[in-house]
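File shown: protein_20.csv. Contents: CSV, C-alpha atoms.
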```
chain,number,residue,atom,x,y,z
A,1,MET,CA,-14.1,16.8,30.5
A,2,THR,CA,-14.0,13.4,28.8
A,3,ALA,CA,-15.3,14.9,25.6
A,4,VAL,CA,-12.5,17.5,25.6
A,5,LEU,CA,-10.0,14.7,26.2
A,6,PHE,CA,-11.5,12.6,23.4
A,7,PHE,CA,-11.4,15.5,20.9
A,8,ALA,CA,-7.8,16.4,21.8
A,9,LEU,CA,-6.7,12.8,21.5
A,10,ALA,CA,-8.5,12.3,18.2
A,11,ALA,CA,-7.1,15.5,16.7
A,12,PHE,CA,-3.6,14.6,17.9
A,13,THR,CA,-3.9,11.0,16.4
A,14,VAL,CA,-5.3,12.2,13.1
A,15,ALA,CA,-2.7,15.0,12.8
A,16,ALA,CA,0.1,12.5,13.5
A,17,ALA,CA,-1.4,10.1,11.0
A,18,LEU,CA,-1.5,12.8,8.3
A,19,LEU,CA,2.1,13.6,9.0
A,20,VAL,CA,3.0,9.9,8.6
A,21,VAL,CA,1.4,9.9,5.2
A,22,LEU,CA,2.4,13.3,3.9
A,23,ALA,CA,6.0,13.8,5.3
A,24,ARG,CA,8.7,13.9,2.6
A,25,ASN,CA,11.4,12.5,4.9
A,26,ILE,CA,10.6,8.8,5.8
A,27,VAL,CA,12.3,9.2,9.2
A,28,HIS,CA,9.8,12.0,10.1
A,29,SER,CA,7.0,9.6,9.0
A,30,ALA,CA,8.3,6.9,11.4
A,31,VAL,CA,8.5,9.4,14.4
A,32,ALA,CA,5.0,10.7,13.6
A,33,LEU,CA,3.8,7.1,13.6
A,34,ILE,CA,5.0,6.7,17.2
A,35,PHE,CA,2.9,9.7,18.2
A,36,SER,CA,-0.1,8.4,16.3
A,37,PHE,CA,0.2,5.0,18.1
A,38,CYS,CA,0.4,6.7,21.5
A,39,GLY,CA,-2.8,8.7,20.6
A,40,VAL,CA,-4.6,5.5,19.7
A,41,ALA,CA,-3.5,4.0,23.1
A,42,GLY,CA,-5.1,7.0,24.8
A,43,ILE,CA,-8.3,6.4,22.9
A,44,TYR,CA,-8.2,2.8,24.2
A,45,VAL,CA,-8.0,4.1,27.7
A,46,LEU,CA,-11.1,6.3,27.1
A,47,LEU,CA,-12.8,3.0,26.0
A,48,ASP,CA,-11.9,1.3,29.3
A,49,ALA,CA,-9.5,-1.1,27.5
A,50,GLU,CA,-6.4,-0.5,29.7
A,51,PHE,CA,-4.8,-3.8,28.9
A,52,LEU,CA,-5.0,-3.1,25.2
A,53,ALA,CA,-3.6,0.4,25.7
A,54,ALA,CA,-0.5,-1.2,27.4
A,55,VAL,CA,-0.2,-3.8,24.7
A,56,GLN,CA,-0.5,-1.0,22.1
A,57,VAL,CA,2.4,0.9,23.7
A,58,LEU,CA,4.5,-2.3,24.1
A,59,ILE,CA,4.0,-3.8,20.7
A,60,TYR,CA,3.4,-0.9,18.4
A,61,VAL,CA,5.5,1.8,20.0
A,62,GLY,CA,8.2,-0.4,21.4
A,63,GLY,CA,8.4,-3.1,18.8
A,64,ILE,CA,7.0,-2.4,15.3
A,65,THR,CA,8.3,1.2,15.2
A,66,VAL,CA,11.8,0.2,16.1
A,67,LEU,CA,11.7,-2.5,13.5
A,68,LEU,CA,10.5,0.1,10.9
A,69,LEU,CA,13.3,2.5,11.9
A,70,PHE,CA,15.9,-0.3,11.5
A,71,ALA,CA,14.5,-1.1,8.0
A,72,ILE,CA,14.6,2.6,7.1
A,73,MET,CA,18.2,2.9,8.2
A,74,LEU,CA,19.2,-0.3,6.4
A,75,THR,CA,17.6,0.6,3.1
A,76,THR,CA,16.8,4.2,2.3
A,77,ARG,CA,19.3,6.3,0.4
A,78,ILE,CA,19.1,9.8,1.7
A,79,ALA,CA,17.2,12.0,-0.7
A,80,ALA,CA,16.7,9.1,-3.1
A,81,ARG,CA,13.9,10.7,-4.9
A,82,ALA,CA,12.3,14.2,-4.7
A,83,ASP,CA,8.7,13.1,-5.3
A,84,VAL,CA,7.5,10.8,-2.6
A,85,PHE,CA,4.0,10.3,-4.2
A,86,ASN,CA,3.2,8.5,-7.4
A,87,GLU,CA,1.2,9.9,-10.2
A,88,GLN,CA,-2.2,8.5,-9.0
A,89,ILE,CA,-2.3,11.0,-6.1
A,90,GLY,CA,-5.3,13.0,-7.5
A,91,LEU,CA,-7.5,10.0,-8.2
A,92,SER,CA,-6.5,8.4,-4.8
A,93,ALA,CA,-7.4,11.6,-3.0
A,94,VAL,CA,-10.9,11.7,-4.6
A,95,ILE,CA,-11.6,8.0,-3.9
A,96,VAL,CA,-10.3,8.2,-0.3
A,97,LEU,CA,-12.3,11.3,0.5
A,98,GLY,CA,-15.4,9.7,-0.9
A,99,ILE,CA,-15.0,6.4,1.0
A,100,THR,CA,-14.1,8.3,4.2
A,101,ALA,CA,-17.2,10.6,3.8
A,102,ILE,CA,-19.5,7.6,3.3
A,103,LEU,CA,-18.0,5.8,6.3
A,104,VAL,CA,-18.2,8.8,8.6
A,105,TYR,CA,-21.8,9.5,7.5
A,106,ALA,CA,-22.7,5.8,8.1
A,107,SER,CA,-21.0,5.9,11.6
A,108,LEU,CA,-22.8,9.1,12.6
A,109,THR,CA,-26.3,8.1,11.4
A,110,GLY,CA,-26.4,4.3,11.5
A,111,PHE,CA,-26.0,3.7,15.2
A,112,PRO,CA,-28.6,4.5,17.9
A,113,ALA,CA,-27.3,6.6,20.7
A,114,SER,CA,-27.2,3.8,23.2
A,115,ASP,CA,-25.9,4.3,26.7
A,116,ARG,CA,-22.7,2.6,27.4
A,117,PRO,CA,-23.2,-0.3,29.7
A,118,PRO,CA,-21.4,-0.1,33.1
A,119,VAL,CA,-17.9,-1.3,32.9
A,120,SER,CA,-16.9,-4.5,34.6
A,121,PRO,CA,-14.2,-3.7,37.2
A,122,GLU,CA,-11.7,-6.3,36.1
A,123,THR,CA,-11.3,-6.5,32.3
A,124,THR,CA,-7.8,-8.0,32.2
A,125,PRO,CA,-8.6,-11.2,34.1
A,126,ALA,CA,-11.7,-11.7,32.1
A,127,LEU,CA,-9.7,-11.2,28.9
A,128,GLY,CA,-7.2,-13.8,29.9
A,129,ARG,CA,-10.0,-16.2,30.8
A,130,LEU,CA,-11.7,-15.6,27.4
A,131,LEU,CA,-8.4,-16.2,25.6
A,132,LEU,CA,-7.8,-19.5,27.2
A,133,THR,CA,-11.4,-20.8,27.1
A,134,THR,CA,-13.6,-19.6,24.3
A,135,HIS,CA,-10.8,-18.4,22.0
A,136,VAL,CA,-8.2,-21.0,22.8
A,137,LEU,CA,-8.0,-22.3,19.2
A,138,PRO,CA,-7.3,-19.0,17.5
A,139,PHE,CA,-4.9,-18.3,20.4
A,140,GLU,CA,-2.9,-21.4,19.5
A,141,VAL,CA,-3.1,-20.7,15.8
A,142,ALA,CA,-1.7,-17.2,16.5
A,143,SER,CA,1.3,-18.7,18.3
A,144,ILE,CA,1.9,-21.0,15.2
A,145,LEU,CA,1.6,-17.9,13.0
A,146,LEU,CA,4.1,-15.9,15.0
A,147,LEU,CA,6.6,-18.8,14.9
A,148,ALA,CA,6.1,-19.2,11.1
A,149,ALA,CA,6.5,-15.4,10.6
A,150,MET,CA,9.7,-15.4,12.7
A,151,VAL,CA,11.2,-18.3,10.7
A,152,GLY,CA,10.0,-16.8,7.5
A,153,ALA,CA,11.5,-13.4,8.2
A,154,ILE,CA,14.9,-14.9,9.1
A,155,VAL,CA,14.9,-17.0,5.9
A,156,ILE,CA,13.8,-14.2,3.6
A,157,ALA,CA,16.2,-11.6,5.1
A,158,ARG,CA,19.2,-13.9,5.1
A,159,ARG,CA,21.8,-13.5,2.4
A,160,GLU,CA,22.1,-16.3,-0.1
A,161,GLY,CA,24.7,-18.9,0.5
A,162,GLU,CA,25.4,-18.3,4.2
B,1,MET,CA,-20.4,10.9,27.6
B,2,ILE,CA,-19.0,10.4,24.2
B,3,PRO,CA,-21.3,8.6,21.7
B,4,LEU,CA,-20.3,5.5,19.9
B,5,SER,CA,-20.5,7.2,16.5
B,6,TYR,CA,-17.6,9.5,17.4
B,7,PHE,CA,-15.2,6.6,18.0
B,8,LEU,CA,-16.4,4.9,14.8
B,9,SER,CA,-15.9,8.2,12.9
B,10,LEU,CA,-12.4,8.5,14.2
B,11,GLY,CA,-11.7,5.0,13.1
B,12,ALA,CA,-13.1,5.8,9.6
B,13,ILE,CA,-10.9,8.9,9.3
B,14,LEU,CA,-7.8,7.1,10.4
B,15,PHE,CA,-8.6,4.3,7.9
B,16,GLY,CA,-9.0,6.9,5.1
B,17,VAL,CA,-5.6,8.5,6.0
B,18,GLY,CA,-3.9,5.1,6.0
B,19,MET,CA,-5.6,4.1,2.7
B,20,PHE,CA,-4.4,7.3,1.1
B,21,GLY,CA,-0.8,6.5,2.2
B,22,VAL,CA,-1.1,2.9,0.8
B,23,LEU,CA,-2.4,4.2,-2.6
B,24,THR,CA,0.1,7.1,-3.1
B,25,ARG,CA,3.4,6.5,-1.4
B,26,ARG,CA,6.4,5.2,-3.4
B,27,ASN,CA,8.5,3.9,-0.6
B,28,ALA,CA,7.6,0.4,0.4
B,29,ILE,CA,8.3,1.1,4.1
B,30,ALA,CA,6.0,4.1,4.0
B,31,ILE,CA,3.3,1.8,2.6
B,32,LEU,CA,3.8,-0.6,5.5
B,33,MET,CA,3.4,2.2,7.9
B,34,ALA,CA,0.2,3.3,6.3
B,35,VAL,CA,-1.1,-0.3,6.6
B,36,GLU,CA,-0.3,-0.2,10.3
B,37,LEU,CA,-2.4,2.9,10.5
B,38,MET,CA,-5.3,1.1,8.9
B,39,LEU,CA,-5.0,-1.8,11.3
B,40,ASN,CA,-5.1,0.6,14.2
B,41,ALA,CA,-8.3,2.1,12.8
B,42,VAL,CA,-9.9,-1.3,12.7
B,43,ASN,CA,-8.8,-1.9,16.3
B,44,ILE,CA,-10.5,1.3,17.4
B,45,ASN,CA,-13.7,0.1,15.8
B,46,PHE,CA,-13.5,-3.4,17.4
B,47,ILE,CA,-12.9,-2.0,20.9
B,48,ALA,CA,-15.5,0.8,20.6
B,49,LEU,CA,-18.2,-1.7,19.5
B,50,SER,CA,-17.2,-4.2,22.2
B,51,ARG,CA,-17.5,-1.4,24.8
B,52,TYR,CA,-20.8,0.1,23.6
B,53,LEU,CA,-23.1,-2.6,22.3
B,54,PRO,CA,-25.6,-3.9,24.7
B,55,ASN,CA,-25.0,-7.4,26.2
B,56,SER,CA,-21.5,-7.2,24.8
B,57,THR,CA,-18.7,-9.4,26.0
B,58,LEU,CA,-15.0,-8.7,25.7
B,59,ASP,CA,-14.9,-10.5,22.4
B,60,GLY,CA,-14.0,-7.3,20.5
B,61,GLN,CA,-11.0,-6.8,22.7
B,62,VAL,CA,-9.9,-10.4,22.1
B,63,PHE,CA,-10.2,-9.8,18.3
B,64,ALA,CA,-8.1,-6.6,18.7
B,65,ILE,CA,-5.4,-8.7,20.4
B,66,PHE,CA,-5.4,-11.1,17.4
B,67,VAL,CA,-5.3,-8.1,15.0
B,68,ILE,CA,-2.2,-6.8,16.8
B,69,THR,CA,-0.6,-10.3,16.6
B,70,VAL,CA,-1.2,-10.5,12.9
B,71,ALA,CA,0.1,-6.9,12.5
B,72,ALA,CA,3.3,-7.8,14.3
B,73,ALA,CA,3.8,-10.9,12.1
B,74,GLU,CA,3.0,-8.8,9.0
B,75,ALA,CA,5.6,-6.1,9.9
B,76,ALA,CA,8.3,-8.7,10.5
B,77,VAL,CA,7.7,-10.5,7.2
B,78,GLY,CA,7.1,-7.3,5.3
B,79,LEU,CA,10.3,-5.7,6.4
B,80,ALA,CA,12.2,-8.9,5.6
B,81,ILE,CA,10.8,-8.7,2.1
B,82,VAL,CA,11.8,-5.0,1.9
B,83,LEU,CA,15.3,-5.9,2.9
B,84,ALA,CA,15.5,-8.7,0.3
B,85,LEU,CA,14.1,-6.3,-2.4
B,86,TYR,CA,16.7,-3.7,-1.5
B,87,ARG,CA,19.5,-6.3,-1.8
B,88,ASN,CA,18.3,-7.3,-5.3
B,89,PHE,CA,17.1,-4.0,-6.7
B,90,LYS,CA,19.1,-1.4,-4.7
B,91,THR,CA,15.9,0.5,-4.2
B,92,VAL,CA,12.7,0.3,-2.1
B,93,ASP,CA,10.6,2.3,-4.6
B,94,VAL,CA,7.7,0.1,-5.5
B,95,ASP,CA,7.3,1.8,-8.9
B,96,GLU,CA,10.7,0.7,-10.0
B,97,ILE,CA,10.2,-2.9,-8.8
B,98,ASN,CA,8.2,-4.0,-11.8
B,99,LEU,CA,9.9,-7.2,-13.0
B,100,MET,CA,6.7,-9.2,-12.9
B,101,LYS,CA,4.4,-6.4,-14.2
B,102,TRP,CA,2.8,-7.0,-17.6
```
Show me this structure written as structure tokens.
Amino acid sequence: MTAVLFFALAAFTVAAALLVVLARNIVHSAVALIFSFCGVAGIYVLLDAEFLAAVQVLIYVGGITVLLLFAIMLTTRIAARADVFNEQIGLSAVIVLGITAILVYASLTGFPASDRPPVSPETTPALGRLLLTTHVLPFEVASILLLAAMVGAIVIARREGE
Amino acid sequence: MIPLSYFLSLGAILFGVGMFGVLTRRNAIAILMAVELMLNAVNINFIALSRYLPNSTLDGQVFAIFVITVAAAEAAVGLAIVLALYRNFKTVDVDEINLMKW
């Protein structure tokens, strides 16, 4: 049952990701990206990471995709160019297929089939505790990074002389 | 029960799809989307390994949270750069934005 769910979610995610990369219309790409992110959130649930699944839906589906759609609406001329791929598509396909094959082969053979350890019943409180004890320094640095990115985005996107 | 290698393979395939997009698309926003796909693939690997490895803690999930944070910052700054490029060049085609190219 879980295996069926996993394969369905994985196929859904990869199909949506392929649509993101191959779609001619950039708006179609953005909508396919939403579905791909939702599929990844389902994979997180299968891995007993419910908090991260919720964060994935909130931040990626709710935040980043809307931001991307805004940028698309503000910039793209409709049918600006017929060919959406550049001339290195053949070489890229060969290299990407090679790297992906190596990675999949390494993933399938390099790890012993270990049983998954029993899940702790409360991952979210433990996650919060880890964030504010062991990982408190990166946590604070991340908040500085977010502030800097916010200020930087405003400064870069602002028109000159306002 | 699903073995760990299946999750890692899914991450590898998703990473490959994203890398293909980064290497071949012309539209700068499409490249940003493909980068987000690659970051998601990395997150799948982090969480799968944190779930399956013996004596594992939740450190992989904490790392995934930081990756999501950096991805959000990257999207905000990247899209601001795209908007600035569009204002100056009237295009977001990265092949036409070659002012600093030798």
Using all atoms listed in the file, the shortest atom-to-atom distance to Tyr105 in chain A among B:Leu8, B:Met1, B:Leu39, B:Ala80 belongs to B:Leu8
Next item on the list: Rounded to one decimal place, report the CA of Ala49 in chain A-CA of Ala148 in chain A distance in Å.
Entry: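 We find that CA of Ala49 in chain A and CA of Ala148 in chain A lie 29.0 Å from each other.
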query: What is the CA of Leu47 in chain A to CA of Thr109 in chain A distance in Å?
result: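 Between CA of Leu47 in chain A and CA of Thr109 in chain A the gap works out to 20.5 Å.
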Across B:Val35, B:Ile29, B:Asp95, B:Asn55, the smallest distance to Ile81 in chain B, with all atoms listed in the file counted, is shown by B:Ile29
Residues within 8 Å of Gly78 in chain B, please, as a list of chain:residue names. Count only C-alpha atoms; anything in the same chain fewer than 4 positions from it doesn't count.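 What passes the distance filter is B:Leu32, B:Glu74, B:Val82.
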Can you spit out the residues from that selection as a compact mmCIF listing (two decimals), in the coordinates of the input, using C-alpha atoms?
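again.txt was written with the following content:
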```
# COMPACT_ATOMS: atom_id res chain seq x y z
CA LEU B 32 3.80 -0.60 5.50
CA GLU B 74 3.00 -8.80 9.00
CA VAL B 82 11.80 -5.00 1.90
```
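With distances taken over all atoms listed in the file, B:Tyr52 is the one residue among B:Tyr52, B:Arg87, B:Gly60, B:Val67 lying closest to chain A.
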### Query
Excluding same-chain residues fewer than 4 positions from range 65-79 of chain A, what lies within 9 Å of it counting only C-alpha atoms, as a count of residues only?
25
Judged by all atoms listed in the file, the minimum distance to chain B among A:Glu160, A:Leu103, A:Ala16, A:Val141 is found for A:Leu103
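In terms of minimum interatomic distance to Arg158 in chain A, B:Leu85 ranks closest within B:Val22, B:Leu4, B:Leu85, B:Val94, counting all atoms listed in the file.
What separates CA of Phe63 in chain B from CA of Arg25 in chain B is a distance of 29.0 Å.
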request  = Can you work out which one of A:Leu91, A:Gly152, A:Phe51, A:Ala23 has the shortest atom-to-atom distance to Ala126 in chain A, counting all atoms listed in the file?
outcome  =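 Selected residue with least distance to Ala126 in chain A: A:Phe51.
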Q: Would you kindly return, as an MDAnalysis selection string, each protein, DNA or RNA residue with an atom no farther than 12 Å from any atom of Gly90 in chain A, considering all atoms listed in the file and excluding same-chain residues fewer than 6 positions away?
A: (chainID A and resid 96:97) or (chainID B and resid 20 23:24)
Okay, now the selection with C-alpha atoms, as a PDB file, in the coordinates of the input?
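The resulting file, result-v6.pdb, is reproduced below:
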```
ATOM      1  CA  VAL A  96     -10.300   8.200  -0.300  1.00  0.00           C
ATOM      2  CA  LEU A  97     -12.300  11.300   0.500  1.00  0.00           C
TER       3      LEU A  97
ATOM      4  CA  PHE B  20      -4.400   7.300   1.100  1.00  0.00           C
ATOM      5  CA  LEU B  23      -2.400   4.200  -2.600  1.00  0.00           C
ATOM      6  CA  THR B  24       0.100   7.100  -3.100  1.00  0.00           C
TER       7      THR B  24
END
```
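Taking all atoms listed in the file, the non-local environment of Ile68 in chain B within 12 Å (same-chain residues fewer than 6 positions away omitted) comprises Leu52, Ala53, Val55, Gln56, Val57, Leu58, Ile59, Tyr60, Val61, Gly63, Ile64, Ala142 and Leu146 of chain A; Glu36, Leu37, Met38, Leu39, Asn40, Ala41, Val42, Asn43, Ile44, Phe46, Gln61, Val62, Glu74 and Ala75 of chain B.
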**Prompt:** Quick one: residues within 9 Å of Ile13 in chain B, all atoms listed in the file counted, chain neighbours fewer than 2 positions away excluded, as a ChimeraX atom specification?
**Reply:** /A:14,100-101,103-104 /B:8-11,15-18,41
